[in-house]
$ cat upload24.cif   # mmCIF, C-alpha atoms
data_protein
#
loop_
_atom_site.label_atom_id
_atom_site.label_comp_id
_atom_site.auth_asym_id
_atom_site.auth_seq_id
_atom_site.Cartn_x
_atom_site.Cartn_y
_atom_site.Cartn_z
CA MET A 9 -12.35 -55.97 -52.26
CA ALA A 10 -16.09 -55.32 -51.91
CA ARG A 11 -17.96 -54.82 -55.18
CA ARG A 12 -19.71 -51.50 -55.68
CA PRO A 13 -23.50 -51.79 -56.03
CA THR A 14 -24.82 -51.10 -59.53
CA ILE A 15 -28.07 -49.94 -61.07
CA LYS A 16 -28.75 -53.60 -61.91
CA ASP A 17 -28.48 -54.50 -58.21
CA ILE A 18 -30.92 -51.74 -57.27
CA ALA A 19 -33.38 -52.81 -59.98
CA ARG A 20 -33.28 -56.43 -58.83
CA GLN A 21 -33.89 -55.60 -55.16
CA ALA A 22 -36.55 -52.96 -55.88
CA GLY A 23 -38.34 -55.20 -58.38
CA VAL A 24 -38.23 -52.67 -61.24
CA SER A 25 -36.45 -52.25 -64.55
CA GLU A 26 -32.99 -50.71 -64.87
CA SER A 27 -34.48 -47.83 -66.87
CA ALA A 28 -36.86 -47.06 -64.00
CA VAL A 29 -33.88 -46.91 -61.62
CA SER A 30 -32.11 -44.54 -63.99
CA PHE A 31 -35.18 -42.29 -64.20
CA ALA A 32 -35.59 -42.24 -60.42
CA LEU A 33 -31.96 -41.57 -59.53
CA ASN A 34 -31.58 -38.83 -62.14
CA ASP A 35 -34.83 -37.02 -61.28
CA ARG A 36 -36.37 -37.74 -64.68
CA PRO A 37 -40.06 -38.29 -65.38
CA GLY A 38 -41.31 -41.79 -66.14
CA VAL A 39 -41.83 -43.34 -62.71
CA SER A 40 -44.38 -42.69 -59.98
CA GLN A 41 -43.50 -40.88 -56.76
CA ASP A 42 -43.93 -44.11 -54.75
CA THR A 43 -41.64 -46.04 -57.10
CA ARG A 44 -39.08 -43.23 -57.07
CA ALA A 45 -39.05 -43.21 -53.26
CA ARG A 46 -38.70 -47.01 -53.10
CA ILE A 47 -35.80 -47.01 -55.58
CA ARG A 48 -33.96 -44.29 -53.68
CA ARG A 49 -34.49 -46.11 -50.40
CA VAL A 50 -33.01 -49.29 -51.85
CA ALA A 51 -30.10 -47.34 -53.35
CA GLU A 52 -29.32 -45.82 -49.97
CA GLU A 53 -29.53 -49.20 -48.22
CA LEU A 54 -27.09 -50.69 -50.74
CA GLY A 55 -24.70 -47.75 -50.37
CA TRP A 56 -24.93 -46.81 -54.03
CA GLN A 57 -23.19 -43.61 -55.20
CA PRO A 58 -23.20 -42.11 -58.73
CA ASN A 59 -20.13 -42.65 -60.87
CA SER A 60 -18.72 -39.12 -61.12
CA ALA A 61 -16.54 -39.96 -64.13
CA ALA A 62 -19.47 -41.37 -66.07
CA ARG A 63 -21.63 -38.39 -65.13
CA ALA A 64 -18.93 -36.00 -66.33
CA LEU A 65 -18.67 -37.82 -69.67
CA SER A 66 -22.42 -37.48 -70.12
CA GLY A 67 -22.20 -33.72 -69.58
CA GLU A 68 -23.41 -33.70 -65.98
CA ARG A 69 -21.55 -32.02 -63.15
CA SER A 70 -18.59 -33.85 -61.63
CA GLY A 71 -19.48 -32.94 -58.04
CA ALA A 72 -15.98 -31.59 -57.38
CA VAL A 73 -14.18 -28.25 -57.32
CA GLY A 74 -10.46 -27.68 -57.66
CA LEU A 75 -7.79 -25.78 -55.75
CA VAL A 76 -4.21 -25.50 -57.01
CA LEU A 77 -1.46 -23.98 -54.90
CA ALA A 78 1.47 -22.77 -57.01
CA ARG A 79 4.23 -22.44 -54.48
CA PRO A 80 7.37 -24.51 -53.97
CA ALA A 81 6.37 -27.14 -51.42
CA HIS A 82 9.31 -26.33 -49.13
CA THR A 83 8.00 -22.79 -48.58
CA LEU A 84 4.74 -24.03 -47.05
CA GLY A 85 6.50 -25.31 -43.94
CA VAL A 86 4.28 -24.99 -40.90
CA GLU A 87 2.44 -21.89 -42.16
CA SER A 88 -1.07 -22.09 -40.76
CA PHE A 89 -2.86 -19.82 -43.24
CA PHE A 90 -3.56 -22.41 -45.93
CA LEU A 91 -4.50 -25.11 -43.43
CA GLN A 92 -7.13 -22.79 -41.94
CA LEU A 93 -8.28 -21.65 -45.39
CA VAL A 94 -8.76 -25.22 -46.63
CA SER A 95 -10.53 -26.10 -43.39
CA GLY A 96 -13.13 -23.40 -44.05
CA ILE A 97 -13.49 -24.41 -47.69
CA GLN A 98 -13.92 -28.05 -46.80
CA GLU A 99 -16.54 -27.26 -44.16
CA VAL A 100 -18.84 -25.76 -46.79
CA LEU A 101 -18.10 -28.29 -49.52
CA SER A 102 -18.64 -31.27 -47.22
CA ALA A 103 -22.07 -29.98 -46.24
CA ALA A 104 -22.90 -29.68 -49.94
CA ARG A 105 -21.49 -33.17 -50.68
CA THR A 106 -18.97 -31.64 -53.04
CA ALA A 107 -15.42 -32.95 -53.26
CA LEU A 108 -12.28 -30.80 -53.16
CA LEU A 109 -9.54 -31.73 -55.62
CA PHE A 110 -6.30 -30.21 -54.29
CA GLN A 111 -2.88 -30.06 -55.92
CA VAL A 112 0.43 -28.34 -55.15
CA VAL A 113 2.62 -27.34 -58.10
CA GLU A 114 5.90 -25.48 -58.49
CA ASP A 115 4.83 -22.43 -60.51
CA ILE A 116 2.06 -20.61 -62.34
CA ASP A 117 2.70 -22.40 -65.66
CA ALA A 118 2.20 -25.76 -63.96
CA GLU A 119 -1.00 -24.43 -62.37
CA CYS A 120 -2.38 -23.42 -65.77
CA ALA A 121 -1.52 -26.86 -67.11
CA VAL A 122 -3.54 -28.45 -64.31
CA TYR A 123 -6.55 -26.30 -65.19
CA ARG A 124 -6.33 -27.41 -68.84
CA ARG A 125 -6.12 -31.06 -67.83
CA TRP A 126 -9.00 -30.81 -65.36
CA TRP A 127 -11.13 -29.09 -67.98
CA ALA A 128 -10.31 -31.70 -70.66
CA GLU A 129 -11.07 -34.54 -68.27
CA ARG A 130 -14.17 -32.82 -66.81
CA ARG A 131 -12.69 -33.43 -63.37
CA VAL A 132 -14.08 -30.27 -61.71
CA ASP A 133 -17.08 -28.01 -62.08
CA GLY A 134 -15.18 -24.89 -61.01
CA VAL A 135 -12.02 -23.75 -59.26
CA LEU A 136 -10.91 -21.65 -56.31
CA VAL A 137 -7.96 -19.48 -57.31
CA VAL A 138 -5.50 -18.33 -54.65
CA ASP A 139 -2.58 -15.88 -54.65
CA PRO A 140 -3.81 -13.33 -57.24
CA ARG A 141 -0.87 -12.02 -59.21
CA MET A 142 0.08 -8.88 -61.05
CA ARG A 143 -0.50 -9.50 -64.78
CA ASP A 144 -2.13 -12.80 -63.82
CA PRO A 145 -2.59 -15.18 -66.79
CA ARG A 146 -5.16 -17.37 -65.03
CA PRO A 147 -8.38 -15.35 -65.45
CA ALA A 148 -7.96 -15.23 -69.24
CA LEU A 149 -7.25 -18.96 -69.36
CA LEU A 150 -10.26 -19.79 -67.22
CA GLY A 151 -12.33 -17.58 -69.51
CA GLU A 152 -11.16 -19.49 -72.58
CA LEU A 153 -11.94 -22.80 -70.91
CA GLY A 154 -15.33 -21.62 -69.60
CA LEU A 155 -14.44 -22.82 -66.11
CA PRO A 156 -16.24 -20.92 -63.29
CA ALA A 157 -13.84 -19.53 -60.69
CA VAL A 158 -13.63 -17.58 -57.45
CA THR A 159 -10.47 -15.62 -56.74
CA ILE A 160 -9.46 -15.72 -53.08
CA GLY A 161 -7.58 -12.80 -51.56
CA GLU A 162 -8.07 -10.23 -54.27
CA PRO A 163 -7.35 -6.80 -52.74
CA GLU A 164 -9.99 -4.13 -52.51
CA PRO A 165 -10.04 -2.00 -55.70
CA GLU A 166 -8.50 1.44 -55.65
CA PRO A 167 -10.84 4.42 -55.16
CA ALA A 168 -12.23 6.08 -58.28
CA GLY A 169 -9.36 7.46 -60.32
CA GLY A 170 -6.90 4.90 -58.91
CA GLY A 171 -6.92 2.89 -62.10
CA SER A 172 -8.14 -0.49 -60.86
CA SER A 173 -11.83 0.10 -60.13
CA PRO A 174 -14.34 -1.09 -62.69
CA ALA A 175 -15.92 1.49 -64.94
CA PRO A 176 -19.39 2.80 -64.01
CA GLY A 177 -22.01 0.18 -64.72
CA VAL A 178 -19.49 -2.68 -64.88
CA PRO A 179 -19.84 -5.26 -62.09
CA ALA A 180 -16.83 -5.91 -59.90
CA ALA A 181 -17.11 -9.62 -60.65
CA ALA A 182 -16.59 -10.46 -64.29
CA VAL A 183 -17.78 -12.81 -66.97
CA LEU A 184 -14.66 -13.50 -69.00
CA PRO A 185 -14.38 -14.45 -72.68
CA GLY A 186 -15.93 -17.85 -73.22
CA SER A 187 -18.42 -18.59 -70.50
CA ALA A 188 -16.35 -18.53 -67.32
CA VAL A 189 -17.74 -16.73 -64.33
CA VAL A 190 -15.13 -15.13 -62.08
CA SER A 191 -16.17 -13.98 -58.63
CA SER A 192 -13.90 -12.86 -55.82
CA VAL A 193 -13.49 -12.81 -52.07
CA ARG A 194 -11.58 -9.70 -51.12
CA ALA A 195 -9.34 -8.74 -48.23
CA ASP A 196 -8.67 -5.22 -46.94
CA ASP A 197 -4.86 -5.32 -46.89
CA ALA A 198 -4.66 -1.54 -46.96
CA GLY A 199 -6.81 -1.21 -43.85
CA ALA A 200 -4.80 -3.91 -42.08
CA MET A 201 -1.50 -2.18 -42.84
CA ALA A 202 -2.92 1.10 -41.57
CA GLN A 203 -3.65 -0.58 -38.23
CA VAL A 204 -0.08 -1.88 -38.02
CA LEU A 205 1.44 1.54 -38.79
CA ASP A 206 -0.95 3.25 -36.38
CA HIS A 207 0.23 0.94 -33.62
CA LEU A 208 3.97 1.18 -34.30
CA HIS A 209 4.00 4.90 -35.05
CA GLY A 210 1.93 5.55 -31.93
CA LEU A 211 4.55 3.72 -29.88
CA GLY A 212 7.22 6.01 -31.33
CA HIS A 213 8.83 3.83 -34.01
CA ARG A 214 10.30 5.71 -36.97
CA ARG A 215 12.50 3.02 -38.56
CA ILE A 216 10.27 0.15 -39.71
CA VAL A 217 10.98 -2.66 -42.18
CA HIS A 218 8.29 -4.85 -43.70
CA ILE A 219 9.57 -8.40 -44.38
CA ALA A 220 7.22 -9.11 -47.28
CA GLY A 221 6.31 -12.26 -49.21
CA LEU A 222 6.59 -13.18 -52.87
CA PRO A 223 6.99 -10.03 -54.98
CA GLY A 224 4.68 -11.06 -57.84
CA LEU A 225 1.60 -11.58 -55.68
CA ALA A 226 -1.05 -8.88 -55.77
CA HIS A 227 -1.49 -8.81 -52.01
CA THR A 228 2.29 -8.41 -51.50
CA VAL A 229 2.28 -5.42 -53.83
CA ARG A 230 -0.79 -3.96 -52.13
CA ARG A 231 0.77 -4.32 -48.67
CA MET A 232 4.00 -2.70 -49.85
CA ASP A 233 2.10 0.16 -51.49
CA SER A 234 -0.02 0.61 -48.36
CA LEU A 235 3.08 0.71 -46.19
CA ARG A 236 4.54 3.54 -48.28
CA THR A 237 1.24 5.42 -48.28
CA GLU A 238 0.73 5.11 -44.53
CA ALA A 239 4.36 6.03 -43.83
CA ALA A 240 4.17 9.14 -46.01
CA ARG A 241 0.95 10.15 -44.27
CA ARG A 242 2.93 10.20 -41.04
CA GLY A 243 5.88 12.09 -42.51
CA LEU A 244 8.15 9.05 -42.84
CA GLY A 245 10.22 8.61 -46.00
CA PRO A 246 11.52 5.49 -47.80
CA ASP A 247 14.81 5.78 -45.92
CA GLN A 248 12.86 5.16 -42.71
CA VAL A 249 10.10 2.75 -43.72
CA ARG A 250 10.50 0.17 -46.50
CA SER A 251 9.81 -3.42 -47.59
CA VAL A 252 12.08 -6.31 -48.51
CA VAL A 253 10.71 -9.38 -50.33
CA THR A 254 11.14 -13.08 -49.52
CA ASP A 255 9.56 -16.40 -50.48
CA TYR A 256 7.53 -16.63 -47.21
CA SER A 257 9.82 -19.34 -45.80
CA ASP A 258 11.37 -19.30 -42.34
CA ALA A 259 14.84 -19.49 -43.93
CA GLU A 260 14.39 -16.36 -46.04
CA GLY A 261 12.58 -14.59 -43.22
CA ALA A 262 15.56 -15.24 -40.95
CA ALA A 263 18.06 -14.21 -43.63
CA ALA A 264 16.23 -10.95 -44.32
CA THR A 265 16.07 -10.21 -40.60
CA ARG A 266 19.81 -10.77 -40.24
CA ARG A 267 20.55 -8.41 -43.14
CA VAL A 268 18.44 -5.49 -41.95
CA LEU A 269 19.58 -5.77 -38.33
CA ALA A 270 23.20 -5.55 -39.51
CA GLU A 271 22.64 -2.14 -41.13
CA PRO A 272 24.26 0.97 -39.62
CA GLN A 273 20.80 2.31 -38.70
CA PRO A 274 18.81 -0.88 -38.11
CA PRO A 275 15.03 -0.80 -37.82
CA THR A 276 13.39 -0.62 -34.43
CA ALA A 277 10.34 -2.56 -35.66
CA LEU A 278 9.82 -5.41 -38.11
CA VAL A 279 6.51 -6.40 -39.72
CA TYR A 280 6.43 -9.93 -41.15
CA ASP A 281 4.01 -11.16 -43.81
CA ASN A 282 3.33 -14.42 -41.98
CA ASP A 283 3.69 -16.06 -38.61
CA VAL A 284 6.49 -18.43 -39.61
CA MET A 285 8.82 -15.63 -40.68
CA ALA A 286 7.96 -13.61 -37.58
CA VAL A 287 8.96 -16.47 -35.29
CA ALA A 288 12.13 -17.09 -37.29
CA GLY A 289 12.99 -13.38 -37.16
CA SER A 290 12.48 -13.27 -33.40
CA ALA A 291 14.88 -16.21 -33.06
CA VAL A 292 17.50 -14.32 -35.08
CA ALA A 293 17.13 -11.28 -32.84
CA ALA A 294 17.64 -13.47 -29.76
CA GLU A 295 20.71 -15.04 -31.36
CA LEU A 296 22.15 -11.58 -32.01
CA GLY A 297 21.46 -10.47 -28.47
CA ILE A 298 18.77 -7.98 -29.50
CA PRO A 299 15.94 -8.13 -26.96
CA VAL A 300 12.31 -8.15 -28.13
CA PRO A 301 10.66 -5.73 -27.47
CA GLY A 302 13.44 -3.85 -25.62
CA ARG A 303 15.38 -2.96 -28.77
CA LEU A 304 13.18 -4.45 -31.49
CA SER A 305 9.40 -4.71 -31.88
CA VAL A 306 7.93 -7.55 -33.94
CA VAL A 307 4.52 -7.80 -35.66
CA ALA A 308 3.14 -10.85 -37.51
CA TRP A 309 0.59 -10.35 -40.30
CA ASP A 310 -1.27 -13.60 -39.52
CA ASP A 311 -2.01 -14.69 -35.97
CA SER A 312 -1.58 -18.37 -35.08
CA ALA A 313 -0.71 -20.67 -32.22
CA LEU A 314 2.95 -20.00 -33.04
CA CYS A 315 2.48 -16.32 -32.27
CA ARG A 316 0.78 -17.10 -28.96
CA VAL A 317 3.31 -19.63 -27.64
CA THR A 318 6.49 -17.75 -28.67
CA HIS A 319 8.19 -15.79 -25.89
CA PRO A 320 7.46 -12.98 -25.91
CA ARG A 321 4.04 -13.51 -27.47
CA LEU A 322 3.85 -11.79 -30.86
CA THR A 323 1.63 -8.85 -31.72
CA ALA A 324 -0.40 -10.04 -34.71
CA LEU A 325 -3.27 -9.33 -37.06
CA VAL A 326 -6.17 -11.56 -36.11
CA ARG A 327 -8.57 -12.57 -38.87
CA ASP A 328 -11.02 -15.38 -39.52
CA THR A 329 -9.05 -17.31 -42.14
CA ALA A 330 -11.39 -20.29 -42.02
CA GLY A 331 -14.27 -17.85 -42.55
CA PHE A 332 -12.39 -16.52 -45.58
CA GLY A 333 -12.41 -20.05 -47.01
CA ARG A 334 -16.08 -20.51 -46.19
CA LEU A 335 -16.98 -17.33 -48.08
CA ALA A 336 -15.05 -18.48 -51.14
CA ALA A 337 -16.64 -21.93 -51.19
CA GLU A 338 -20.13 -20.48 -50.67
CA GLU A 339 -19.61 -18.07 -53.56
CA LEU A 340 -18.43 -20.79 -55.93
CA LEU A 341 -21.34 -23.08 -55.05
CA ALA A 342 -23.74 -20.18 -55.58
CA VAL A 343 -22.32 -19.55 -59.04
CA LEU A 344 -22.44 -23.26 -59.93
CA ALA A 345 -26.10 -23.26 -58.89
CA GLY A 346 -26.76 -20.58 -61.51
CA GLY A 347 -26.34 -17.42 -59.47
CA PRO A 348 -24.67 -14.27 -60.82
CA PRO A 349 -20.97 -13.58 -60.20
CA GLY A 350 -20.32 -11.53 -57.12
CA VAL A 351 -17.83 -10.01 -54.73
CA ARG A 352 -17.69 -10.93 -51.06
CA ILE A 353 -15.70 -8.94 -48.54
CA SER A 354 -13.92 -10.79 -45.76
CA GLU A 355 -14.08 -9.72 -42.15
CA GLN A 356 -11.79 -6.78 -41.30
CA PRO A 357 -8.64 -8.01 -39.52
CA ARG A 358 -7.88 -6.51 -36.11
CA LEU A 359 -4.47 -5.97 -34.61
CA GLU A 360 -3.95 -7.62 -31.24
CA PRO A 361 -1.03 -6.00 -29.38
CA ARG A 362 0.99 -8.42 -27.29
CA GLU A 363 4.36 -8.43 -25.55
CA SER A 364 6.50 -8.22 -28.74
CA THR A 365 5.80 -4.51 -29.32
CA ALA A 366 6.75 -1.59 -27.09
CA PRO A 367 8.12 1.95 -27.44
CA PRO A 368 11.65 1.99 -28.84
CA SER A 369 14.42 2.72 -26.39
CA ALA A 370 16.22 6.05 -26.60
CA HIS A 371 19.32 4.13 -27.67
CA THR A 372 17.69 2.48 -30.68
CA GLU A 373 16.04 5.67 -31.94
CA SER A 374 19.14 7.79 -31.70
#
$ encode --input "upload24.cif" --output "structure tokens"
Amino acid sequence: MARRPTIKDIARQAGVSESAVSFALNDRPGVSQDTRARIRRVAEELGWQPNSAARALSGERSGAVGLVLARPAHTLGVESFFLQLVSGIQEVLSAARTALLFQVVEDIDAECAVYRRWWAERRVDGVLVVDPRMRDPRPALLGELGLPAVTIGEPEPEPAGGGSSPAPGVPAAAVLPGSAVVSSVRADDAGAMAQVLDHLHGLGHRRIVHIAGLPGLAHTVRRMDSLRTEAARRGLGPDQVRSVVTDYSDAEGAAATRRVLAEPQPPTALVYDNDVMAVAGSAVAAELGIPVPGRLSVVAWDDSALCRVTHPRLTALVRDTAGFGRLAAEELLAVLAGGPPGVRISEQPRLEPRESTAPPSAHTES
């Protein structure tokens, strides 16, 4: 195995002392500009890179940020959302020569344990936090550790008087106990759900079921609340429009579809919280002999290649998921560079109607 070049190797080839190399590579005074340039040129020619572990032990930045996904691995399946999200994150981090340390764990307790270990080992400079939860223990922990963080997917706050907006004069991003800086990248789930209900209600659907994701996630709760609000605005009650929760997997999506379609008054439209469940639900409908969209309309929350190659093609919410990841990575790097905590708003999703939605037949609405 090839030996990594050392400071001693650079000093020998550049004809200077090891201390001069250290000064030059760490941007410290003590060497001339010409000597500094020569040392850096030699270091680049030798392929030298700083030892991130040693730099962390000396109190310098590690050059890495962390991302932990607390979901059972089997539920990830072929879901495209996280692949696109990580792609956007990595695009920004690569340009900044910052590494991404990624780990999948089973639950929130295991995620918190990873944060404690990373902090103790000085493995990361900050973290990207996904899947905000109701009564989420992670912000307080990150505050205690003093680990900068950006929360990805935090819903828009309620209007004044709704209970979740910050008090006047308090920034939306927060500095938690300790020294942790918590910023956020927010998604307009309420606006997206309004588009879905506008579309389905406009087509004439009055019995709609939302096949939702994990019940403890903040965005699941916000989507369910938005569904109820938008339904009530159109004069539809909970006996007509409602949500059922799943674990996001194709298996649970299919099982939930089978249950609701077996009801005495089955829904005429189904809204799925991801593309995988939408495709699985469409397959169940075909198996049961229920034509889409003849007797059942289907909407997917996240657009993907799956939605576009399924027959019929699925109506879906189109959003720039990679751009969502880019915003989060940019925000975290800005905070690590000394900037103030902030809130960034992701691009508004747009509903793209396709062949899976149509007016309900007279038979299904009777």
$ residues_around --input "upload24.cif" --residues "Pro361 in chain A" --least-positions-apart "6" --cutoff "10 Å" --atoms "all atoms listed in the file" --output "list in words"
Val204, His207, Val307, Arg321, Leu322, Thr323, Ala324 and Leu325 of chain A
$ resolve_selection --input "upload24.cif" --expression "the PyMOL selection byres ((chain A and resi 334) around 6)" --output "PyMOL selection string"
chain A and resi 96-97+100+331-333+335-337
$ residues_around --input "upload24.cif" --residues "Gln203 in chain A" --least-positions-apart "4" --cutoff "12 Å" --atoms "only C-alpha atoms" --output "PyMOL selection string"
chain A and resi 196-199+207-210+231+234-235+238-239+279+307+309+323-326+356-361
$ resolve_selection --input "upload24.cif" --expression "the PyMOL selection byres ((chain A and resi 251-259) around 10)" --output "count of residues only"
46
$ atom_distance --input "upload24.cif" --atom1 "CA of Ala72 in chain A" --atom2 "CA of Gln41 in chain A"
29.1 Å
$ atom_distance --input "upload24.cif" --atom1 "CA of Ile47 in chain A" --atom2 "CA of Asp17 in chain A"
10.8 Å
$ residues_around --input "upload24.cif" --residues "range 346-355 of chain A" --least-positions-apart "5" --cutoff "6 Å" --atoms "only C-alpha atoms" --output "PyMOL selection string"
chain A and resi 181+191-195+332
$ closest_residue --input "upload24.cif" --among "A:Ala128, A:Leu77, A:Ala148, A:Pro140" --to "Asp115 in chain A" --atoms "only C-alpha atoms"
A:Leu77
$ atom_distance --input "upload24.cif" --atom1 "CA of Val138 in chain A" --atom2 "CA of Ile160 in chain A"
5.0 Å
$ resolve_selection --input "upload24.cif" --expression "the PyMOL selection byres ((chain A and resi 27-35) around 12)" --output "ChimeraX atom specification"
/A:14-26,36-52,56-59,63,68
$ residues_around --input "upload24.cif" --residues "Tyr123 in chain A" --least-positions-apart "5" --cutoff "9 Å" --atoms "only C-alpha atoms" --output "PyMOL selection string"
chain A and resi 74+76+118+128+135+149-150+153+155
$ closest_residue --input "upload24.cif" --among "A:Ala308, A:Ala330, A:Met201, A:Leu344" --to "Leu91 in chain A" --atoms "all atoms listed in the file"
A:Ala330
$ closest_residue --input "upload24.cif" --among "A:Val317, A:Leu211, A:Leu304, A:Leu244" --to "Leu269 in chain A" --atoms "all atoms listed in the file"
A:Leu304
$ residues_near_point --input "upload24.cif" --point "(6.1, -12.0, -24.1)" --cutoff "12 Å" --atoms "only C-alpha atoms" --output "list of chain:residue names"
A:Ser290, A:Pro299, A:Val300, A:Pro301, A:Gly302, A:Ser305, A:Val306, A:Cys315, A:Arg316, A:Val317, A:Thr318, A:His319, A:Pro320, A:Arg321, A:Leu322, A:Thr323, A:Pro361, A:Arg362, A:Glu363, A:Ser364, A:Thr365, A:Ala366
